[in-house]
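S.K.: First the structure, then my questions, so here it is.
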Amino acid sequence: MSDIGVISGRYASIEELARLVDAAILALNTQKDPLNAPVLKELSMLLLDAGSRKPSNLRALRLATLLHDYPLKEIETVESLGRALVQNARDKSVKEGLDRIAALLEHERAQAADRLRYRP
């Protein structure tokens with residue numbers, strides 16, 4: 001696969017994860033009962049899987065790789081953030097954790113876009 005193919009694939013996978021996180025943040029902020037939001041269930045399962053020792057799918061592995069050693073402040077681990085979403089936690093630390101993941105994904109997406117534009 002060419003460099004552009006690899007970078008395009010990375011950009012697409014980051015974009016997919018970013019959209020999921022953004023949709024989850026929106027659901028947390030706007031829905032009265034966010035536990036019923038399918039996007040929150042999907043994200044919580046992905047976070048739990050990404051936080052496990054051996055993620056079970058490529059999507060969870062990609063997220064785990066991106067978030068490895070990335071500080072989420074009061075939420076200690078990716079797995080605990082996923083657990084908090086499963087338990088319908090809407091406290092400040094959950095929102096901050098999701099905001100930090102969203103910011104990281106946006107940073108990674110911008111880097112991938114720059115690599116696509118400015119390839120040598």
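Just so we're on the same page: first chain in the structure tokens is A, next is B, and so on; residues restart at 1 for each chain, and ligands are numbered from 1 in the order they show up.
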Skip Gly82 (chain A) itself and residues of its chain fewer than 4 positions away, then list as a PyMOL selection string all residues within 8 Å of it, counting only C-alpha atoms.

M.R.: chain A and resi 43-48+78+86

S.K.: Please compute the CA of Pro38 (chain A)-CA of Leu20 (chain A) distance, one decimal, in Å.

M.R.: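 Between CA of Pro38 (chain A) and CA of Leu20 (chain A) the gap is 10.6 Å.
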
S.K.: Residues near Arg109 (chain A), anyone? I mean within 8 Å using only C-alpha atoms, not counting same-chain ones fewer than 2 positions away, as a PyMOL selection string.

M.R.: chain A and resi 11+14-15+105-107+111-113

S.K.: What parts of region 18-117 of chain A does DSSP call alpha helix (DSSP H)? I'd like the answer as a PyMOL selection string.

M.R.: chain A and resi 18-30+38-50+58-67+78-86+92-117

S.K.: Just checking: using only C-alpha atoms, which residue out of A:Leu61, A:Leu40, A:Leu28, A:Leu66 ends up closest to Lys95 (chain A)?

M.R.: A:Leu28

S.K.: Go ahead and compute the interatomic distance for CA of Leu63 (chain A) and CA of Ile7 (chain A), in Å to one decimal.

M.R.: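 CA of Ile7 (chain A) lies 16.1 Å from CA of Leu63 (chain A).
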
S.K.: Could you check the closest approach to Asn36 (chain A) for each of A:Leu85, A:Arg59, A:Glu16, A:His68 and tell me which residue wins, using only C-alpha atoms?

M.R.: A:Leu85

S.K.: So the first atom is CA of Ser93 (chain A) and the second is CA of Leu67 (chain A); what is the distance between them in Å, to one decimal place?

M.R.: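 Computed distance, CA of Ser93 (chain A) to CA of Leu67 (chain A), equals 16.6 Å.
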
S.K.: For Ala12 (chain A), which residue among A:Leu116, A:Asn29, A:Ser56, A:Asn88 is the nearest when counting only C-alpha atoms?

M.R.: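 Answer, going by the shortest atom-to-atom distance: A:Leu116.
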
S.K.: Would you mind telling me which residue in A:Asn57, A:Gln31, A:Val21, A:Val6 lies nearest to Asp99 (chain A) when using only C-alpha atoms?

M.R.: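 Closest residue, counting only C-alpha atoms: A:Val21.
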
S.K.: Measuring between only C-alpha atoms, which one of A:Glu42, A:Arg62, A:Lys92, A:Glu79 shows the shortest distance to Gly9 (chain A)?

M.R.: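 For Gly9 (chain A), the nearest of the candidates is A:Arg62.
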
S.K.: Between A:Ala18, A:Ala37, A:Leu81, A:Ile25, which one has atoms that come closest to Asp49 (chain A), using only C-alpha atoms?

M.R.: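 The closest residue to Asp49 (chain A) is A:Leu81.
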